[in-house]
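Asker: Next comes the structure file input_20.pdb, holding PDB, C-alpha atoms and all ligand atoms.
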MODEL        1
ATOM      1  CA  MET L   1      33.605  64.204 102.809
ATOM      2  CA  ILE L   2      34.980  61.386 104.962
ATOM      3  CA  LYS L   3      32.253  59.662 106.926
ATOM      4  CA  LYS L   4      32.663  58.674 110.540
ATOM      5  CA  ASN L   5      33.587  54.964 110.664
ATOM      6  CA  ARG L   6      30.310  54.127 112.392
ATOM      7  CA  GLN L   7      28.232  55.977 109.767
ATOM      8  CA  LYS L   8      29.497  53.744 107.011
ATOM      9  CA  GLN L   9      26.941  51.241 105.908
ATOM     10  CA  GLY L  10      27.806  47.521 105.731
ATOM     11  CA  LEU L  11      31.352  46.287 105.221
ATOM     12  CA  THR L  12      33.764  48.870 103.837
ATOM     13  CA  VAL L  13      36.829  47.246 102.387
ATOM     14  CA  LEU L  14      39.942  49.414 102.440
ATOM     15  CA  THR L  15      42.796  49.334  99.979
ATOM     16  CA  LEU L  16      46.153  50.939 100.805
ATOM     17  CA  GLU L  17      45.045  54.390  99.618
ATOM     18  CA  ASN L  18      41.677  54.420 101.412
ATOM     19  CA  ASP L  19      41.295  56.269 104.681
ATOM     20  CA  PHE L  20      39.565  55.742 108.003
ATOM     21  CA  ARG L  21      39.272  57.625 111.290
ATOM     22  CA  PHE L  22      41.156  56.437 114.337
ATOM     23  CA  GLU L  23      43.223  57.642 117.252
ATOM     24  CA  CYS L  24      44.048  55.699 120.400
ATOM     25  CA  ARG L  25      44.978  57.781 123.459
ATOM     26  CA  GLN L  26      45.715  56.999 127.099
ATOM     27  CA  SER L  27      43.176  59.648 128.151
ATOM     28  CA  LEU L  28      40.270  57.753 126.572
ATOM     29  CA  LYS L  29      37.843  55.973 128.901
ATOM     30  CA  CYS L  30      38.268  52.775 126.925
ATOM     31  CA  TYR L  31      42.058  52.716 127.357
ATOM     32  CA  THR L  32      43.212  49.040 127.464
ATOM     33  CA  ARG L  33      39.588  47.822 127.248
ATOM     34  CA  CYS L  34      40.623  46.131 123.987
ATOM     35  CA  CYS L  35      43.330  44.115 125.777
ATOM     36  CA  ARG L  36      41.016  41.675 127.502
ATOM     37  CA  ASP L  37      38.990  38.623 126.623
ATOM     38  CA  ILE L  38      40.290  38.410 123.056
ATOM     39  CA  THR L  39      41.562  35.595 120.883
ATOM     40  CA  ILE L  40      44.994  36.408 119.509
ATOM     41  CA  VAL L  41      46.432  33.753 117.217
ATOM     42  CA  LEU L  42      50.213  34.073 117.282
ATOM     43  CA  THR L  43      52.453  33.629 114.257
ATOM     44  CA  PRO L  44      56.010  32.254 114.583
ATOM     45  CA  TYR L  45      57.393  35.787 114.160
ATOM     46  CA  ASP L  46      55.047  37.160 116.861
ATOM     47  CA  ILE L  47      56.500  34.593 119.263
ATOM     48  CA  LEU L  48      60.073  35.268 118.175
ATOM     49  CA  ARG L  49      59.635  38.981 118.921
ATOM     50  CA  MET L  50      57.667  38.554 122.138
ATOM     51  CA  LYS L  51      59.989  36.003 123.774
ATOM     52  CA  ASN L  52      63.049  38.066 122.825
ATOM     53  CA  GLY L  53      61.369  41.246 124.083
ATOM     54  CA  LEU L  54      60.715  39.496 127.383
ATOM     55  CA  HIS L  55      64.229  37.965 127.406
ATOM     56  CA  ILE L  56      62.909  34.462 127.963
ATOM     57  CA  SER L  57      63.242  31.216 125.998
ATOM     58  CA  SER L  58      60.619  30.037 123.537
ATOM     59  CA  GLU L  59      59.921  27.068 125.837
ATOM     60  CA  LYS L  60      59.128  29.393 128.762
ATOM     61  CA  PHE L  61      57.080  31.750 126.616
ATOM     62  CA  LEU L  62      54.983  28.909 125.219
ATOM     63  CA  ALA L  63      54.492  27.301 128.633
ATOM     64  CA  ASP L  64      53.580  30.522 130.469
ATOM     65  CA  TYR L  65      51.655  32.543 127.917
ATOM     66  CA  THR L  66      50.054  30.311 125.306
ATOM     67  CA  VAL L  67      47.595  27.526 124.670
ATOM     68  CA  THR L  68      47.777  25.292 121.617
ATOM     69  CA  ILE L  69      44.895  23.845 119.666
ATOM     70  CA  ILE L  70      44.859  21.678 116.560
ATOM     71  CA  GLY L  71      43.502  23.623 113.573
ATOM     72  CA  ASP L  72      41.369  22.389 110.653
ATOM     73  CA  THR L  73      44.471  21.334 108.744
ATOM     74  CA  GLY L  74      45.627  19.181 111.664
ATOM     75  CA  LEU L  75      48.510  21.556 112.371
ATOM     76  CA  PRO L  76      48.976  23.180 115.795
ATOM     77  CA  VAL L  77      47.753  26.752 116.249
ATOM     78  CA  VAL L  78      49.155  28.810 119.127
ATOM     79  CA  ILE L  79      46.936  31.300 120.954
ATOM     80  CA  LEU L  80      47.890  33.925 123.534
ATOM     81  CA  LYS L  81      46.509  32.810 126.910
ATOM     82  CA  MET L  82      44.436  35.452 128.695
ATOM     83  CA  LYS L  83      44.737  35.695 132.496
ATOM     84  CA  ASP L  84      42.440  33.692 134.698
ATOM     85  CA  ASP L  85      40.950  36.854 136.296
ATOM     86  CA  ASP L  86      37.331  38.089 136.031
ATOM     87  CA  GLU L  87      38.096  40.288 133.037
ATOM     88  CA  LYS L  88      40.342  37.770 131.270
ATOM     89  CA  ASN L  89      43.049  40.394 130.803
ATOM     90  CA  CYS L  90      45.960  39.956 128.469
ATOM     91  CA  PRO L  91      49.003  38.953 130.567
ATOM     92  CA  PHE L  92      50.891  41.974 129.197
ATOM     93  CA  VAL L  93      48.409  44.753 129.857
ATOM     94  CA  THR L  94      49.096  47.313 132.599
ATOM     95  CA  LYS L  95      47.329  50.535 133.584
ATOM     96  CA  ARG L  96      49.845  52.408 131.457
ATOM     97  CA  GLY L  97      49.270  50.200 128.418
ATOM     98  CA  CYS L  98      51.035  47.270 126.807
ATOM     99  CA  MET L  99      54.246  46.253 128.615
ATOM    100  CA  ILE L 100      55.599  44.627 125.433
ATOM    101  CA  TYR L 101      54.476  47.435 123.122
ATOM    102  CA  PRO L 102      57.582  47.419 120.830
ATOM    103  CA  ASP L 103      57.112  43.653 120.353
ATOM    104  CA  ARG L 104      53.320  43.412 120.484
ATOM    105  CA  PRO L 105      51.917  40.805 118.102
ATOM    106  CA  TRP L 106      50.559  41.486 114.650
ATOM    107  CA  PRO L 107      46.815  41.547 115.512
ATOM    108  CA  CYS L 108      47.489  44.237 118.161
ATOM    109  CA  ARG L 109      49.305  46.333 115.552
ATOM    110  CA  ILE L 110      46.709  46.143 112.816
ATOM    111  CA  TYR L 111      43.744  46.710 115.194
ATOM    112  CA  PRO L 112      41.169  48.366 114.673
ATOM    113  CA  LEU L 113      41.487  46.880 111.216
ATOM    114  CA  GLN L 114      41.060  43.278 110.218
ATOM    115  CA  PRO L 115      42.213  41.533 107.055
ATOM    116  CA  GLU L 116      39.601  40.804 104.414
ATOM    117  CA  SER L 117      41.942  39.046 102.030
ATOM    118  CA  THR L 118      41.122  35.765 100.384
ATOM    119  CA  LYS L 119      43.432  33.232  98.790
ATOM    120  CA  ILE L 120      42.684  34.847  95.393
ATOM    121  CA  THR L 121      43.536  38.392  96.521
ATOM    122  CA  GLU L 122      46.661  37.136  98.308
ATOM    123  CA  THR L 123      47.834  35.296  95.179
ATOM    124  CA  ALA L 124      47.301  38.538  93.249
ATOM    125  CA  GLY L 125      49.437  40.359  95.859
ATOM    126  CA  LYS L 126      46.531  42.595  96.978
ATOM    127  CA  GLU L 127      45.736  43.515 100.550
ATOM    128  CA  TYR L 128      42.288  44.400 101.801
ATOM    129  CA  TYR L 129      41.201  45.340 105.297
ATOM    130  CA  SER L 130      38.026  46.516 106.973
ATOM    131  CA  VAL L 131      37.475  48.640 110.097
ATOM    132  CA  MET L 132      36.246  46.463 112.955
ATOM    133  CA  ASP L 133      32.955  47.481 114.496
ATOM    134  CA  VAL L 134      33.986  47.580 118.150
ATOM    135  CA  THR L 135      31.294  49.441 120.100
ATOM    136  CA  PHE L 136      33.456  50.309 123.125
ATOM    137  CA  CYS L 137      36.417  51.630 121.081
ATOM    138  CA  LEU L 138      36.251  55.427 121.325
ATOM    139  CA  GLY L 139      39.283  55.740 119.067
ATOM    140  CA  LEU L 140      36.947  55.033 116.160
ATOM    141  CA  GLU L 141      35.094  58.300 116.919
ATOM    142  CA  ALA L 142      38.268  60.384 116.565
ATOM    143  CA  ASP L 143      38.732  63.144 113.999
ATOM    144  CA  ARG L 144      42.163  61.908 112.932
ATOM    145  CA  VAL L 145      42.046  60.580 109.371
ATOM    146  CA  LEU L 146      44.722  58.294 107.988
ATOM    147  CA  THR L 147      45.133  55.881 105.117
ATOM    148  CA  LEU L 148      45.642  52.154 105.437
ATOM    149  CA  ALA L 149      49.172  52.657 104.073
ATOM    150  CA  ASP L 150      49.863  55.241 106.839
ATOM    151  CA  TRP L 151      48.606  52.818 109.475
ATOM    152  CA  ILE L 152      50.731  49.927 108.194
ATOM    153  CA  GLU L 153      53.792  52.184 108.260
ATOM    154  CA  GLU L 154      53.022  53.702 111.659
ATOM    155  CA  GLN L 155      52.415  50.335 113.325
ATOM    156  CA  GLY L 156      55.500  48.618 111.867
ATOM    157  CA  VAL L 157      53.347  45.983 110.170
ATOM    158  CA  SER L 158      55.509  45.497 107.045
ATOM    159  CA  VAL L 159      58.221  43.423 108.724
ATOM    160  CA  TYR L 160      55.502  41.148 110.136
ATOM    161  CA  GLN L 161      54.032  40.721 106.654
ATOM    162  CA  GLN L 162      57.470  39.885 105.199
ATOM    163  CA  MET L 163      58.244  37.423 107.977
ATOM    164  CA  GLU L 164      54.843  35.776 107.741
ATOM    165  CA  ALA L 165      55.186  35.110 104.004
ATOM    166  CA  PRO L 166      57.241  31.860 104.223
ATOM    167  CA  PHE L 167      54.991  30.594 107.040
ATOM    168  CA  LYS L 168      51.860  31.371 105.018
ATOM    169  CA  LYS L 169      53.370  29.557 102.038
ATOM    170  CA  ILE L 170      53.377  26.412 104.161
ATOM    171  CA  THR L 171      49.990  26.788 105.853
ATOM    172  CA  THR L 172      48.201  27.636 102.588
ATOM    173  CA  ASN L 173      49.963  24.972 100.498
ATOM    174  CA  GLU L 174      47.591  22.706  98.518
ATOM    175  CA  PHE L 175      49.012  19.585 100.167
ATOM    176  CA  VAL L 176      48.388  20.955 103.653
ATOM    177  CA  SER L 177      44.914  22.242 102.700
ATOM    178  CA  HIS L 178      43.807  18.919 101.231
ATOM    179  CA  ASN L 179      45.473  16.398 103.560
ATOM    180  CA  LYS L 180      44.609  16.771 107.214
ATOM    181  CA  ILE L 181      47.750  16.092 109.223
ATOM    182  CA  THR L 182      47.026  13.536 111.935
ATOM    183  CA  ASN L 183      50.543  12.183 112.507
ATOM    184  CA  LYS L 184      51.549  13.295 116.017
ATOM    185  CA  LYS L 185      55.257  13.283 115.167
ATOM    186  CA  ILE L 186      54.684  15.669 112.223
ATOM    187  CA  GLN L 187      52.483  17.920 114.390
ATOM    188  CA  GLU L 188      55.232  18.011 117.030
ATOM    189  CA  MET L 189      58.007  18.770 114.494
ATOM    190  CA  TYR L 190      55.893  21.554 112.972
ATOM    191  CA  TYR L 191      55.206  23.038 116.415
ATOM    192  CA  MET L 192      58.901  23.015 117.310
ATOM    193  CA  ALA L 193      60.064  24.523 114.005
ATOM    194  CA  CYS L 194      57.406  27.236 113.940
ATOM    195  CA  TYR L 195      57.003  28.224 117.546
ATOM    196  CA  ASP L 196      59.679  26.699 119.760
ATOM    197  CA  LEU L 197      62.722  28.155 118.037
ATOM    198  CA  ASP L 198      65.176  27.711 120.920
ATOM    199  CA  ARG L 199      64.385  23.988 121.037
ATOM    200  CA  PHE L 200      64.610  23.823 117.226
ATOM    201  CA  ARG L 201      68.097  25.375 117.457
ATOM    202  CA  ARG L 202      69.219  22.620 119.826
ATOM    203  CA  PHE L 203      67.642  20.034 117.544
ATOM    204  CA  VAL L 204      69.712  21.308 114.597
ATOM    205  CA  LEU L 205      72.985  21.835 116.468
ATOM    206  CA  GLU L 206      72.954  19.066 119.042
ATOM    207  CA  SER L 207      71.256  16.083 117.353
ATOM    208  CA  THR L 208      72.481  14.087 114.320
ATOM    209  CA  PHE L 209      70.923  16.754 112.066
ATOM    210  CA  LEU L 210      74.219  18.194 110.806
ATOM    211  CA  LYS L 211      75.534  14.689 110.130
ATOM    212  CA  ARG L 212      72.513  14.021 107.904
ATOM    213  CA  PHE L 213      72.118  17.322 106.066
ATOM    214  CA  GLU L 214      74.678  19.358 104.158
ATOM    215  CA  LEU L 215      74.652  22.939 105.434
ATOM    216  CA  GLU L 216      77.001  25.759 104.531
ATOM    217  CA  PRO L 217      79.276  26.552 107.537
ATOM    218  CA  GLU L 218      78.140  30.224 107.364
ATOM    219  CA  VAL L 219      74.515  29.127 107.697
ATOM    220  CA  VAL L 220      75.390  27.028 110.756
ATOM    221  CA  GLU L 221      77.190  29.997 112.305
ATOM    222  CA  LYS L 222      74.273  32.322 111.633
ATOM    223  CA  ILE L 223      71.619  30.045 113.103
ATOM    224  CA  LYS L 224      73.674  29.645 116.286
ATOM    225  CA  GLU L 225      73.055  33.299 117.152
ATOM    226  CA  ASP L 226      70.394  34.785 114.947
ATOM    227  CA  ASP L 227      66.737  33.899 115.572
ATOM    228  CA  VAL L 228      65.543  35.400 112.290
ATOM    229  CA  GLU L 229      68.040  33.255 110.318
ATOM    230  CA  LEU L 230      66.979  30.266 112.381
ATOM    231  CA  TYR L 231      63.323  30.996 111.636
ATOM    232  CA  HIS L 232      63.995  31.141 107.884
ATOM    233  CA  PHE L 233      65.916  27.887 108.118
ATOM    234  CA  ALA L 234      63.033  26.309 110.067
ATOM    235  CA  MET L 235      60.610  27.275 107.282
ATOM    236  CA  LYS L 236      62.963  25.756 104.701
ATOM    237  CA  TRP L 237      63.156  22.571 106.748
ATOM    238  CA  LEU L 238      59.329  22.392 106.924
ATOM    239  CA  GLU L 239      59.073  22.930 103.171
ATOM    240  CA  TYR L 240      61.444  20.013 102.743
ATOM    241  CA  GLY L 241      59.977  17.700 105.377
ATOM    242  CA  LEU L 242      56.286  18.542 105.100
ATOM    243  CA  LEU L 243      55.864  19.577 101.480
ATOM    244  CA  GLY L 244      58.636  17.491  99.873
ATOM    245  CA  GLN L 245      60.386  20.529  98.387
ATOM    246  CA  GLN L 246      64.099  20.420  97.562
ATOM    247  CA  GLY L 247      65.411  23.101  99.932
ATOM    248  CA  LEU L 248      67.831  20.889 101.862
ATOM    249  CA  LYS L 249      70.491  18.429 100.723
ATOM    250  CA  ILE L 250      71.108  15.071 102.414
ATOM    251  CA  ARG L 251      74.801  14.171 102.707
ATOM    252  CA  PRO L 252      75.910  11.655  99.982
ATOM    253  CA  GLU L 253      77.317   9.253 102.607
ATOM    254  CA  VAL L 254      73.909   9.153 104.334
ATOM    255  CA  ILE L 255      72.177   8.328 101.031
ATOM    256  CA  LYS L 256      74.804   5.649 100.311
ATOM    257  CA  ALA L 257      74.363   4.043 103.743
ATOM    258  CA  LYS L 258      70.585   4.099 103.349
ATOM    259  CA  LYS L 259      70.796   2.439  99.924
ATOM    260  CA  GLN L 260      73.122  -0.232 101.289
ATOM    261  CA  LYS L 261      70.717  -0.902 104.122
ATOM    262  CA  LEU L 262      67.848  -1.290 101.643
ATOM    263  CA  GLY L 263      69.983  -3.394  99.284
ATOM    264  CA  ILE L 264      69.771  -0.779  96.482
ATOM    265  CA  LYS L 265      72.818  -0.229  94.282
TER     266      LYS L 265
HETATM  267  S1  LIG L 301      39.449  50.432 122.758
HETATM  268 FE1  LIG L 301      40.232  51.531 120.959
HETATM  269  S2  LIG L 301      40.676  53.606 121.607
HETATM  270 FE2  LIG L 301      40.349  52.368 123.448
HETATM  271  S3  LIG L 301      42.384  51.742 124.013
HETATM  272 FE3  LIG L 301      41.632  50.130 122.705
HETATM  273  S4  LIG L 301      42.277  50.689 120.632
HETATM  274 FE4  LIG L 301      42.536  52.505 121.938
HETATM  275  S1  LIG L 302      49.889  42.143 123.686
HETATM  276 FE1  LIG L 302      49.794  44.251 124.384
HETATM  277  S2  LIG L 302      48.526  45.288 122.858
HETATM  278 FE2  LIG L 302      48.196  43.102 122.618
HETATM  279  S3  LIG L 302      46.419  42.610 123.857
HETATM  280 FE3  LIG L 302      48.216  42.279 125.135
HETATM  281  S4  LIG L 302      48.540  44.195 126.214
HETATM  282 FE4  LIG L 302      47.147  44.622 124.521
ENDMDL
END
I'd like the structure from this file rewritten - as structure tokens, please.
Answerer:
Amino acid sequence: MIKKNRQKQGLTVLTLENDFRFECRQSLKCYTRCCRDITIVLTPYDILRMKNGLHISSEKFLADYTVTIIGDTGLPVVILKMKDDDEKNCPFVTKRGCMIYPDRPWPCRIYPLQPESTKITETAGKEYYSVMDVTFCLGLEADRVLTLADWIEEQGVSVYQQMEAPFKKITTNEFVSHNKITNKKIQEMYYMACYDLDRFRRFVLESTFLKRFELEPEVVEKIKEDDVELYHFAMKWLEYGLLGQQGLKIRPEVIKAKKQKLGIK
């Protein structure tokens, strides 16, 4: 017999096959109660989807809807800014629900679940989640039973997981974990590449970037138009610049000029 979520004792960790009870409906008294006074940390892909869904630039999205803090690693962390009203509502909530529903961020998709993964389980490619104990959420009292795999499918979470993978590779890298970044220029470059994609595009196309790095013409064409391609390129650039990985190639003439300047043959 499947127990009601609230009858389960302690923390119940779900694997993909495990089930839980949940159904969110507009007729529930708690409708949109979960869209206020919450901390939603945004990933680069969340921002890409939200700013495109709203048809605004990344600069405008970041300025109007986010606050940035510096995390434990010294890297910027972007948080969705709640409204300055008494209830601290999400800027996108309306009486009828979420006005950016097709592009809502990852935490709003996976709710009422929360990840319970550790670095070890992630390295092993395993996903674990638990059901959040949210007293006001009447959806947790529903009779509808579904598995974690069903929920991931239904909420369109997979693409977010795929897109987050290269970002996670950077934020969980040993170098980043063990060396707190305090250099303001690095923090700013990281912020631009991860979150301010429209500015990053101009940086690549309109600065000396293309004179310094060798990029395939097809890649240049793609990143002119395609935000997802641009995002992947931004992650590659961070791997190169932040982690010293060999994803990008400096033009031979730039290396030659640098050597000449340093008096190296
Ligand atoms: S509190 Fe729970 S049931 Fe109510 S609207 Fe939010 S997710 Fe749905
Ligand atoms: S983004 Fe949408 S689903 Fe998420 S908290 Fe705001 S209104 Fe609710």
Asker: At a cut-off of 12 Å, using all atoms listed in the file, what residues contact Asp72 of chain L? Leave out same-chain residues fewer than 6 positions from it and give the result as a PDB file with C-alpha atoms, in the frame of the given file.
Answerer:
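Ended up saving to part23.pdb:
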ATOM      1  CA  THR L 171      49.990  26.788 105.853  1.00  0.00           C
ATOM      2  CA  THR L 172      48.201  27.636 102.588  1.00  0.00           C
ATOM      3  CA  VAL L 176      48.388  20.955 103.653  1.00  0.00           C
ATOM      4  CA  SER L 177      44.914  22.242 102.700  1.00  0.00           C
ATOM      5  CA  HIS L 178      43.807  18.919 101.231  1.00  0.00           C
ATOM      6  CA  ASN L 179      45.473  16.398 103.560  1.00  0.00           C
ATOM      7  CA  LYS L 180      44.609  16.771 107.214  1.00  0.00           C
ATOM      8  CA  ILE L 181      47.750  16.092 109.223  1.00  0.00           C
ATOM      9  CA  THR L 182      47.026  13.536 111.935  1.00  0.00           C
TER      10      THR L 182
END
Asker: Show me which residues are within 8 Å of ligand LIG 302 (chain L) counting all atoms listed in the file, and format the list as JSON, numbers by chain.
Answerer: {"L": [32, 34, 35, 36, 38, 40, 89, 90, 91, 92, 93, 94, 97, 98, 99, 100, 101, 104, 105, 107, 108, 109]}
Asker: Apply the PyMOL selection byres (((not hetatm)) within 9 of (chain L and resi 301)) to the file shown and report the selected residues as a count of residues only.
Answerer: 27
Asker: Taking all atoms listed in the file into account, name the residue in L:Glu127, L:Glu221, L:Glu214, L:Glu188 that is nearest to Leu16 of chain L.
Answerer: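 Distance minimum relative to Leu16 of chain L lands on L:Glu127.
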Asker: Ranking L:Thr39, L:Thr15, L:Ser130, L:Gln260 by minimum distance to Lys81 of chain L and counting all atoms listed in the file, which one comes first?
Answerer: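 Under the stated criterion, the closest residue is L:Thr39.
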Asker: When you count only C-alpha atoms, which of these residues is closest to Ile56 of chain L: L:Leu146, L:Met132, L:Leu197, L:Leu14?
Answerer: L:Leu197
Asker: Which one is closest to Glu154 of chain L: L:Asp85, L:Ile110, L:Ser117, L:Asp196? Count only C-alpha atoms.
Answerer: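 Result for the nearest residue to Glu154 of chain L: L:Ile110.
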Asker: Given the file shown, determine the residues that the PyMOL selection byres (((chain L and resi 158-163) around 9) and not hetatm) selects; report them as a list in words.
Answerer: Pro44, Tyr45, Asp46, Pro105, Trp106, Ile152, Glu153, Gln155, Gly156, Val157, Glu164, Ala165, Pro166, Phe167, Val228, Tyr231 and His232 of chain L
Asker: Just so the selection is clear, what residues does the PyMOL selection byres (((chain L and resi 224) around 12) and not hetatm) cover here, as a short mmCIF file (atom, residue, chain, number, x, y, z; two decimals) with C-alpha atoms, in the frame of the given file?
Answerer:
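Writing done, so here's out.cif:
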data_model
loop_
_atom_site.label_atom_id
_atom_site.label_comp_id
_atom_site.auth_asym_id
_atom_site.auth_seq_id
_atom_site.Cartn_x
_atom_site.Cartn_y
_atom_site.Cartn_z
CA LEU L 197 62.72 28.16 118.04
CA ASP L 198 65.18 27.71 120.92
CA ARG L 199 64.39 23.99 121.04
CA PHE L 200 64.61 23.82 117.23
CA ARG L 201 68.10 25.38 117.46
CA ARG L 202 69.22 22.62 119.83
CA PHE L 203 67.64 20.03 117.54
CA VAL L 204 69.71 21.31 114.60
CA LEU L 205 72.98 21.84 116.47
CA GLU L 206 72.95 19.07 119.04
CA PRO L 217 79.28 26.55 107.54
CA GLU L 218 78.14 30.22 107.36
CA VAL L 219 74.52 29.13 107.70
CA VAL L 220 75.39 27.03 110.76
CA GLU L 221 77.19 30.00 112.30
CA LYS L 222 74.27 32.32 111.63
CA ILE L 223 71.62 30.04 113.10
CA GLU L 225 73.06 33.30 117.15
CA ASP L 226 70.39 34.78 114.95
CA ASP L 227 66.74 33.90 115.57
CA VAL L 228 65.54 35.40 112.29
CA GLU L 229 68.04 33.26 110.32
CA LEU L 230 66.98 30.27 112.38
CA TYR L 231 63.32 31.00 111.64
CA PHE L 233 65.92 27.89 108.12
#
